[in-house]
Amino acid sequence: MNLESFGTSLTRLKTMVERGFGYLKRKLWPFEITFRKRSSKLTFEQSIRTRILALLLGLAVVAVIFLAYGINPLVLYLDIFRVAFFTRYGIIETLSRFIPLLLVAIGLAIPFRAKIDNIGAEGQLIVGAIAATGVAFSLQHLPSGILIPIMFLAGFAAGALWALPIAIFRVKSQFKGSDVVISFLLFFPALYLVEYLVTGPWQDPAGWGFPQSPLIPESARIPLFPTTRVHLTIILAVGLTLLIHQYLVRTKDGITETKLGYEINVMGENPEAGEAMGMSFLKVAIITVLLSGGLAGLAGVSEVAGNPNLYRLRMEISTGLGFTGIAVAWLGGLNPIGVIVSSLFFAGLLAGGVEIQSAGLPFGVVNLFNGAILFFVLVTEFFLRHTAEWRLRRDN
Amino acid sequence: METALEMREVCKTFYGEGEVEIRANDHVNFTLKKGEIHALLGENGAGKSTLVMNLCRRPDSGSVIIEGKELELKTPRDALEHGIGIAHQDLSRTLIERHTVAENVLSLTKGFLLSIDTVEEAVREAVQKFDLGDIDPKMKVWKLSGGEKQRVEILKALITDPGIIILDEPTSMLTPPEVDDLFALLESLKAEGKAIVIITHHLEEAIQISDRITVLRRGQVVDTLDEGRVQKLKSNPQQGVRELARLMVGKETLYDLKRQELKPGQIVLETQDLCVENDMGIQVVTNVNLGARAGEILGIAGIAGNGQRELLESIVHFRVARTGKILWHSDAGELNITNMSVGAIRDLGVSYIPENRRKAMVLDLTVRENLMMSYYSDSKGLLIDRDAMIQLTDELIEQFSVDTPSPLAPMRSMSGGNKQKIVVAREISRKPAQGSRRLLIAENPTFGLDVATTQFVREELLKQRDSGAAVLLVSSDLTEILTLCDRISVIYNGEIIGTLTSEEATRESVGLMMGGFVSDSIGSEEGN
């Protein structure tokens, strides 16, 4: 048999197999599904209901893993929520996770609304923390009232600067998705920078070689609410969120308060039309991305200077808050009020995560929630905008 | 003669941007006999290419019958296997530039284990056999000239030795001697009994080469000229061209629109030797000199793809003008606006109704948000003047009787006509800058609209003219151009090949100029 006829018989085989599959598919799956864009937006209640459904589906997927370990997921979930929201220790821990999570998530929601993907909040948080630490040590003679605001400003600036390339690549590059790639990759230099600092020039000389900086001076620590371990940044975080809601998101009679809010809405839906009408996508991209990176930077400052477990720069400063923030922002429907609720929920999950450990599973399981919930939120996001229609195949 | 291919009651509808419904083929009947050359004629968008594409993807309805058997051809591969060879029009989508000629042909072959040498040999043989000139099968396609690429595409249609050969605009890049060679080749293939379809909008070519001619207009068959009638056309090509042109563009009655007497004012916008490149870096607008005057509608007529879009985009949009100037005349004197930002140009008083509806509206926002797109930036500072916007949008909805349940209804829920009404209402209500005249640029503004909205848009354009604005209307719809324009510039291959006043212009003369004919005799001859 020569090669050519061998090739031909292979082709024939392929055709037969294809036909067979085609036949089976027609018999077993005699439907076609068509997706259409919805012509009307869902009501508020409908969209809430869909999000809760997404949340439950995400929890259900993780429940399967619990079951596989022979743990009753219902009991475990109840335990997590009891600890997170109904014990004194849990509430304080929840609020302490709530602060950086809210800052990161509200920051991410802004560019997400303009369809600019920043998935690198983790890196921006780290550089924010680095900047705050640097300021804390170099200006430690200043009184708290001046030093702490400077640390916040430095953290915001560092995070914003770290995020800036995202905007430029998103608008100028020909490659779709460059914002995703760039924002993610910028996480690594941030990580290596902090590693270098805490194992090199900033390493605590009295720290037995642990990769961490010395404790920051007392004057640089953000005051705590009396008798708790919750620091005042919570007021800043909620305040900023409400400001963003008021000026960028909230609409009255269908009109946002600011031009920027309106431009974000237009650019998020159809940048081509916006540009044809004289708006600048680059401007919108830069502003949203700077805000986003800056807010992540603030989260970094609040961790270094507010979290009593830290008060210093460590390599594992972030513990994935920047990535969790993505799921938080989407679960909150990219709406500041929704983001507050979803931040509380995720903070509770993180705080109640100790229950997972005491049930005999590794703490890392908590991160499963991020992925599972984000997945279902994004799927439902699609169905919030589209309808699916089933019908019998025509050729049957 | 035996029938090679028959298409019965074929329908194909496309949904364009902004949910415009385009009936590209509307119950088309078409037969192709063995041993004939059959020309498909029609304006751009008449549905010629769509019709032959139905041979490699299923039409919405209707049947395709080959050699007496009703077949369902779903893919280009199916077409190939049933002996249909197609040379497509858009070479950038059918040839892979980075591959060699032989590698491009390879995609037509069957089987898994192929040697490129065999294919190269086959290409060499075919080139010799069909006398397609000098084509090296090892040459990368991007190195070839336009004419060579076209010959490769024709080669792809012929090399499988199909019974039915379809050539979509095969001569657009060929030189006259190459065209003659191709036609000689087609004659010899015809003598072998092949059935050949040639798509063109060059009227003389169609008369010269074909045995029968089918003319399409707006997705429907206007007429099929049998052998006898085509023979008659051949005996008097001049007359024949005219008759075909009439069939192609139709004899619609012009809408009765009230228009006041022309009172042309000063020039508002002027282009000087403007040259513009398209996205591929090819110059598609060459030395265009235009002057749009206040109180006048200046039409730019042309078959789509002759540089109109790039010309407009360089005036209002972000496309960079390569050389030449765009000047804005106002009471403050002359201002060079070449390559100024979109926002700055619009602030002078330029309004733009783009052909691409996607650029004109945001479907997922509300009617109000769409209406305020051109006005929100008038508010001072960072905030939007909400009361002014509410008042303005309510007024526009009222004034232009936009049919919407609420200003907060999503744009997507509007009908196609209402969507365009919203865009037109927004664009023509803009106020020019101090001391400037208004310029309204409309690009195929009635494309895909129902009759009532078409009438509405045209009336609004005339109102603009009567109120002293300069209107620049780009349209591939001859009826629209002839009904509305005071002066008509015809663009062909990126050049303005002639400008006619509304008195001089006839459907025929403009139609022929759109096809590249510049003939003084045609303009003056008022026939039939």
# chains A, B, ... in the order shown; residues from 1 in each chain; ligands from 1
$ select_by_dssp --residues "range 133-377 of chain A" --states "alpha helix (DSSP H)" --output "ChimeraX atom specification"
/A:133-138,144-172,178-185,187-199,233-244,259-269,271-276,281-306,321-331,336-358,366-377
$ closest_atom_pairs --of "chain A" --to "chain B" --cutoff "6 Å" --atoms "only C-alpha atoms" --output "CSV"
residue,atom,partner,partner_atom,distance
A:Gly7,CA,B:Phe112,CA,5.1
A:Thr8,CA,B:Gly111,CA,5.2
A:Thr11,CA,B:Gly111,CA,5.2
A:Ser39,CA,B:Ser413,CA,4.9
A:Glu257,CA,B:Leu383,CA,5.8
A:Thr258,CA,B:Leu383,CA,4.1
A:Lys259,CA,B:Leu383,CA,5.6
A:Asn270,CA,B:Val362,CA,5.8
A:Glu272,CA,B:Lys359,CA,5.5
A:Ala273,CA,B:Lys359,CA,3.9
A:Gly278,CA,B:Gly343,CA,3.9
$ select_by_dssp --residues "range 246-371 of chain A" --states "strand (DSSP E or B)" --output "number ranges by chain"
A: 251-252, 255-256, 258, 314
$ atom_distance --atom1 "CA of Lys419 in chain B" --atom2 "CA of Val402 in chain B"
8.6 Å
$ residues_around --residues "range 439-454 of chain B" --least-positions-apart "4" --cutoff "6 Å" --atoms "only C-alpha atoms" --output "VMD selection string"
chain B and resid 20 350 to 355 417 469 to 475
$ atom_distance --atom1 "CA of Ser436 in chain B" --atom2 "CA of Leu298 in chain B"
18.3 Å
$ residues_around --residues "Ile317 in chain A" --least-positions-apart "4" --cutoff "9 Å" --atoms "only C-alpha atoms" --output "count of residues only"
9
$ residues_around --residues "Gly177 in chain A" --least-positions-apart "6" --cutoff "12 Å" --atoms "only C-alpha atoms" --output "ChimeraX atom specification"
/A:115-119,166-167,169-171,183-184
$ write_last_selection --atoms "C-alpha atoms" --output "PDB file, in the first residue's frame"
ATOM      1  CA  LYS A 115     -14.651  46.827  30.237  1.00  0.00           C
ATOM      2  CA  ILE A 116     -11.024  47.259  31.162  1.00  0.00           C
ATOM      3  CA  ASP A 117      -9.708  44.228  32.952  1.00  0.00           C
ATOM      4  CA  ASN A 118      -7.359  44.739  35.819  1.00  0.00           C
ATOM      5  CA  ILE A 119      -6.646  41.374  37.388  1.00  0.00           C
ATOM      6  CA  ILE A 166      -2.705  48.545  31.792  1.00  0.00           C
ATOM      7  CA  ALA A 167      -4.581  51.556  30.436  1.00  0.00           C
ATOM      8  CA  PHE A 169      -1.790  48.751  26.530  1.00  0.00           C
ATOM      9  CA  ARG A 170      -5.562  48.313  26.639  1.00  0.00           C
ATOM     10  CA  VAL A 171      -6.118  51.289  24.347  1.00  0.00           C
ATOM     11  CA  SER A 183      -2.077  43.480  34.694  1.00  0.00           C
ATOM     12  CA  PHE A 184      -1.419  39.888  35.659  1.00  0.00           C
TER      13      PHE A 184
END
$ residues_around --residues "Glu43 in chain B" --least-positions-apart "2" --cutoff "10 Å" --atoms "only C-alpha atoms" --output "VMD selection string"
chain B and resid 41 45 to 48 200 to 202 215 to 218 245 248 to 249 303 to 304 476 to 477 511 514 to 515
$ write_last_selection --atoms "N, CA and C atoms" --output "compact mmCIF listing (two decimals), in the first residue's frame"
# COMPACT_ATOMS: atom_id res chain seq x y z
N LEU B 41 -24.93 40.56 -12.87
CA LEU B 41 -24.67 41.99 -12.81
C LEU B 41 -25.46 42.61 -11.68
N GLY B 45 -23.84 45.36 -3.22
CA GLY B 45 -24.91 45.11 -2.28
C GLY B 45 -26.18 44.60 -2.94
N ALA B 46 -26.09 44.30 -4.23
CA ALA B 46 -27.29 43.81 -4.91
C ALA B 46 -27.54 42.34 -4.60
N GLY B 47 -26.51 41.65 -4.10
CA GLY B 47 -26.70 40.26 -3.71
C GLY B 47 -26.03 39.26 -4.62
N LYS B 48 -25.09 39.72 -5.47
CA LYS B 48 -24.44 38.79 -6.39
C LYS B 48 -23.56 37.78 -5.66
N THR B 200 -19.68 40.63 -12.08
CA THR B 200 -18.96 41.85 -12.42
C THR B 200 -19.89 43.04 -12.29
N HIS B 201 -19.31 44.23 -12.14
CA HIS B 201 -20.16 45.38 -12.44
C HIS B 201 -19.60 46.21 -13.58
N HIS B 202 -18.67 45.62 -14.31
CA HIS B 202 -18.23 46.25 -15.54
C HIS B 202 -19.18 45.83 -16.65
N VAL B 215 -29.53 40.22 -14.06
CA VAL B 215 -29.30 41.46 -13.34
C VAL B 215 -30.02 41.41 -12.00
N LEU B 216 -29.28 41.70 -10.94
CA LEU B 216 -29.86 41.71 -9.59
C LEU B 216 -29.94 43.15 -9.09
N ARG B 217 -30.98 43.41 -8.31
CA ARG B 217 -31.06 44.70 -7.64
C ARG B 217 -31.72 44.49 -6.29
N ARG B 218 -31.08 44.95 -5.26
CA ARG B 218 -31.60 44.82 -3.90
C ARG B 218 -32.06 43.41 -3.58
N ALA B 245 -27.23 49.46 -17.62
CA ALA B 245 -27.13 50.41 -16.51
C ALA B 245 -28.51 50.73 -15.98
N MET B 248 -29.72 47.93 -13.93
CA MET B 248 -28.99 47.80 -12.68
C MET B 248 -29.47 48.80 -11.63
N VAL B 249 -29.62 50.05 -12.03
CA VAL B 249 -29.96 51.06 -11.03
C VAL B 249 -31.46 51.28 -10.92
N ILE B 303 -19.82 53.72 -5.83
CA ILE B 303 -20.07 52.37 -5.38
C ILE B 303 -19.27 52.16 -4.09
N ALA B 304 -19.87 51.48 -3.14
CA ALA B 304 -19.22 51.33 -1.84
C ALA B 304 -17.79 50.81 -2.01
N SER B 476 -24.57 55.44 -1.48
CA SER B 476 -24.44 54.59 -2.67
C SER B 476 -25.82 54.35 -3.27
N ASP B 477 -26.82 55.05 -2.73
CA ASP B 477 -28.17 54.95 -3.26
C ASP B 477 -28.39 56.12 -4.23
N GLY B 511 -24.83 57.01 -12.78
CA GLY B 511 -24.60 55.57 -12.70
C GLY B 511 -23.38 55.14 -13.47
N MET B 514 -20.23 56.31 -11.78
CA MET B 514 -19.92 55.47 -10.62
C MET B 514 -19.16 54.22 -11.04
N GLY B 515 -19.39 53.78 -12.28
CA GLY B 515 -18.66 52.64 -12.80
C GLY B 515 -17.34 53.02 -13.43
$ decode --residues "range 265-388 of chain B" --atoms "C-alpha atoms" --output "PDB file, in the first residue's frame"
ATOM      1  CA  GLY B 265     -23.549  80.581   0.802  1.00  0.00           C
ATOM      2  CA  GLN B 266     -19.897  80.657   1.697  1.00  0.00           C
ATOM      3  CA  ILE B 267     -17.726  77.572   1.782  1.00  0.00           C
ATOM      4  CA  VAL B 268     -17.786  75.925   5.197  1.00  0.00           C
ATOM      5  CA  LEU B 269     -15.467  72.996   4.751  1.00  0.00           C
ATOM      6  CA  GLU B 270     -12.807  72.577   2.159  1.00  0.00           C
ATOM      7  CA  THR B 271     -10.367  69.808   1.408  1.00  0.00           C
ATOM      8  CA  GLN B 272      -7.208  70.486  -0.524  1.00  0.00           C
ATOM      9  CA  ASP B 273      -5.400  67.658  -2.296  1.00  0.00           C
ATOM     10  CA  LEU B 274      -6.422  65.274   0.438  1.00  0.00           C
ATOM     11  CA  CYS B 275      -4.819  61.836   0.368  1.00  0.00           C
ATOM     12  CA  VAL B 276      -5.819  59.145   2.849  1.00  0.00           C
ATOM     13  CA  GLU B 277      -4.723  55.578   3.408  1.00  0.00           C
ATOM     14  CA  ASN B 278      -6.904  52.678   4.496  1.00  0.00           C
ATOM     15  CA  ASP B 279      -6.110  50.306   7.362  1.00  0.00           C
ATOM     16  CA  MET B 280      -3.776  48.296   5.140  1.00  0.00           C
ATOM     17  CA  GLY B 281      -1.679  51.362   4.357  1.00  0.00           C
ATOM     18  CA  ILE B 282      -2.880  51.563   0.775  1.00  0.00           C
ATOM     19  CA  GLN B 283      -3.766  54.999  -0.471  1.00  0.00           C
ATOM     20  CA  VAL B 284      -7.492  54.933  -1.196  1.00  0.00           C
ATOM     21  CA  VAL B 285      -8.256  58.641  -1.389  1.00  0.00           C
ATOM     22  CA  THR B 286      -6.201  60.594  -3.897  1.00  0.00           C
ATOM     23  CA  ASN B 287      -6.003  64.368  -4.250  1.00  0.00           C
ATOM     24  CA  VAL B 288      -9.580  65.093  -3.311  1.00  0.00           C
ATOM     25  CA  ASN B 289     -10.628  68.733  -3.527  1.00  0.00           C
ATOM     26  CA  LEU B 290     -14.084  69.403  -2.188  1.00  0.00           C
ATOM     27  CA  GLY B 291     -15.889  72.451  -0.936  1.00  0.00           C
ATOM     28  CA  ALA B 292     -19.098  72.127   1.038  1.00  0.00           C
ATOM     29  CA  ARG B 293     -21.082  75.360   0.925  1.00  0.00           C
ATOM     30  CA  ALA B 294     -23.639  76.620   3.359  1.00  0.00           C
ATOM     31  CA  GLY B 295     -27.214  76.128   2.226  1.00  0.00           C
ATOM     32  CA  GLU B 296     -26.309  73.340  -0.157  1.00  0.00           C
ATOM     33  CA  ILE B 297     -26.298  69.575  -0.163  1.00  0.00           C
ATOM     34  CA  LEU B 298     -23.140  68.214  -1.719  1.00  0.00           C
ATOM     35  CA  GLY B 299     -23.486  64.582  -2.644  1.00  0.00           C
ATOM     36  CA  ILE B 300     -20.651  62.128  -2.979  1.00  0.00           C
ATOM     37  CA  ALA B 301     -21.855  59.272  -5.134  1.00  0.00           C
ATOM     38  CA  GLY B 302     -19.935  56.107  -5.633  1.00  0.00           C
ATOM     39  CA  ILE B 303     -20.070  52.371  -5.377  1.00  0.00           C
ATOM     40  CA  ALA B 304     -19.218  51.328  -1.840  1.00  0.00           C
ATOM     41  CA  GLY B 305     -15.500  50.848  -1.248  1.00  0.00           C
ATOM     42  CA  ASN B 306     -14.213  53.585  -3.509  1.00  0.00           C
ATOM     43  CA  GLY B 307     -12.720  55.599  -0.678  1.00  0.00           C
ATOM     44  CA  GLN B 308     -15.831  57.377   0.625  1.00  0.00           C
ATOM     45  CA  ARG B 309     -15.513  55.985   4.126  1.00  0.00           C
ATOM     46  CA  GLU B 310     -11.835  56.878   4.443  1.00  0.00           C
ATOM     47  CA  LEU B 311     -12.523  60.349   3.073  1.00  0.00           C
ATOM     48  CA  LEU B 312     -15.196  61.020   5.682  1.00  0.00           C
ATOM     49  CA  GLU B 313     -13.198  59.486   8.469  1.00  0.00           C
ATOM     50  CA  SER B 314     -10.310  61.776   7.707  1.00  0.00           C
ATOM     51  CA  ILE B 315     -12.656  64.762   7.904  1.00  0.00           C
ATOM     52  CA  VAL B 316     -14.497  63.940  11.120  1.00  0.00           C
ATOM     53  CA  HIS B 317     -12.767  61.052  12.576  1.00  0.00           C
ATOM     54  CA  PHE B 318      -9.577  59.578  13.763  1.00  0.00           C
ATOM     55  CA  ARG B 319      -8.179  58.558  10.431  1.00  0.00           C
ATOM     56  CA  VAL B 320      -4.979  60.415   9.656  1.00  0.00           C
ATOM     57  CA  ALA B 321      -4.798  62.389   6.449  1.00  0.00           C
ATOM     58  CA  ARG B 322      -1.537  61.516   4.723  1.00  0.00           C
ATOM     59  CA  THR B 323      -1.096  64.667   2.743  1.00  0.00           C
ATOM     60  CA  GLY B 324      -3.315  67.589   1.938  1.00  0.00           C
ATOM     61  CA  LYS B 325      -5.337  69.918   4.087  1.00  0.00           C
ATOM     62  CA  ILE B 326      -8.792  70.122   5.562  1.00  0.00           C
ATOM     63  CA  LEU B 327      -9.874  73.707   6.152  1.00  0.00           C
ATOM     64  CA  TRP B 328     -12.765  75.089   8.188  1.00  0.00           C
ATOM     65  CA  HIS B 329     -14.130  78.477   7.197  1.00  0.00           C
ATOM     66  CA  SER B 330     -15.966  80.592   9.698  1.00  0.00           C
ATOM     67  CA  ASP B 331     -16.418  84.263  10.484  1.00  0.00           C
ATOM     68  CA  ALA B 332     -13.176  84.044  12.386  1.00  0.00           C
ATOM     69  CA  GLY B 333     -11.390  83.137   9.187  1.00  0.00           C
ATOM     70  CA  GLU B 334      -9.734  79.989   7.988  1.00  0.00           C
ATOM     71  CA  LEU B 335      -8.784  77.194  10.349  1.00  0.00           C
ATOM     72  CA  ASN B 336      -6.719  74.168   9.471  1.00  0.00           C
ATOM     73  CA  ILE B 337      -8.490  71.229  11.105  1.00  0.00           C
ATOM     74  CA  THR B 338      -6.453  68.472   9.512  1.00  0.00           C
ATOM     75  CA  ASN B 339      -5.942  65.686  12.030  1.00  0.00           C
ATOM     76  CA  MET B 340      -7.504  67.624  14.890  1.00  0.00           C
ATOM     77  CA  SER B 341      -9.186  65.582  17.607  1.00  0.00           C
ATOM     78  CA  VAL B 342     -12.696  64.306  17.021  1.00  0.00           C
ATOM     79  CA  GLY B 343     -14.048  66.323  19.927  1.00  0.00           C
ATOM     80  CA  ALA B 344     -12.485  69.585  18.762  1.00  0.00           C
ATOM     81  CA  ILE B 345     -13.784  69.168  15.222  1.00  0.00           C
ATOM     82  CA  ARG B 346     -17.270  68.354  16.472  1.00  0.00           C
ATOM     83  CA  ASP B 347     -17.243  71.393  18.723  1.00  0.00           C
ATOM     84  CA  LEU B 348     -16.789  73.632  15.680  1.00  0.00           C
ATOM     85  CA  GLY B 349     -20.207  72.557  14.481  1.00  0.00           C
ATOM     86  CA  VAL B 350     -19.649  69.320  12.620  1.00  0.00           C
ATOM     87  CA  SER B 351     -22.320  66.661  13.032  1.00  0.00           C
ATOM     88  CA  TYR B 352     -21.876  63.159  11.750  1.00  0.00           C
ATOM     89  CA  ILE B 353     -24.376  60.417  11.000  1.00  0.00           C
ATOM     90  CA  PRO B 354     -22.168  57.371  10.419  1.00  0.00           C
ATOM     91  CA  GLU B 355     -23.136  54.545   8.120  1.00  0.00           C
ATOM     92  CA  ASN B 356     -22.046  52.038  10.709  1.00  0.00           C
ATOM     93  CA  ARG B 357     -24.913  52.264  13.173  1.00  0.00           C
ATOM     94  CA  ARG B 358     -22.728  50.760  15.844  1.00  0.00           C
ATOM     95  CA  LYS B 359     -20.675  53.918  15.858  1.00  0.00           C
ATOM     96  CA  ALA B 360     -23.717  56.076  16.262  1.00  0.00           C
ATOM     97  CA  MET B 361     -25.420  54.524  19.236  1.00  0.00           C
ATOM     98  CA  VAL B 362     -24.934  52.470  22.345  1.00  0.00           C
ATOM     99  CA  LEU B 363     -27.572  49.766  22.331  1.00  0.00           C
ATOM    100  CA  ASP B 364     -27.255  48.866  25.987  1.00  0.00           C
ATOM    101  CA  LEU B 365     -27.850  52.362  27.281  1.00  0.00           C
ATOM    102  CA  THR B 366     -31.126  54.232  27.482  1.00  0.00           C
ATOM    103  CA  VAL B 367     -32.657  56.469  24.843  1.00  0.00           C
ATOM    104  CA  ARG B 368     -31.856  59.474  27.003  1.00  0.00           C
ATOM    105  CA  GLU B 369     -28.218  58.499  27.399  1.00  0.00           C
ATOM    106  CA  ASN B 370     -27.977  58.049  23.642  1.00  0.00           C
ATOM    107  CA  LEU B 371     -29.532  61.427  22.966  1.00  0.00           C
ATOM    108  CA  MET B 372     -27.238  63.250  25.352  1.00  0.00           C
ATOM    109  CA  MET B 373     -24.043  61.811  23.887  1.00  0.00           C
ATOM    110  CA  SER B 374     -23.398  64.944  21.851  1.00  0.00           C
ATOM    111  CA  TYR B 375     -24.491  67.372  24.555  1.00  0.00           C
ATOM    112  CA  TYR B 376     -23.331  66.151  27.943  1.00  0.00           C
ATOM    113  CA  SER B 377     -19.924  67.767  27.522  1.00  0.00           C
ATOM    114  CA  ASP B 378     -21.504  71.229  27.202  1.00  0.00           C
ATOM    115  CA  SER B 379     -22.028  71.286  30.968  1.00  0.00           C
ATOM    116  CA  LYS B 380     -19.300  73.170  32.750  1.00  0.00           C
ATOM    117  CA  GLY B 381     -16.867  71.451  35.087  1.00  0.00           C
ATOM    118  CA  LEU B 382     -16.829  67.795  35.943  1.00  0.00           C
ATOM    119  CA  LEU B 383     -20.532  67.411  36.649  1.00  0.00           C
ATOM    120  CA  ILE B 384     -23.372  66.971  34.193  1.00  0.00           C
ATOM    121  CA  ASP B 385     -26.123  69.562  34.218  1.00  0.00           C
ATOM    122  CA  ARG B 386     -28.894  67.061  34.814  1.00  0.00           C
ATOM    123  CA  ASP B 387     -31.896  69.373  34.459  1.00  0.00           C
ATOM    124  CA  ALA B 388     -30.651  70.720  31.140  1.00  0.00           C
TER     125      ALA B 388
END
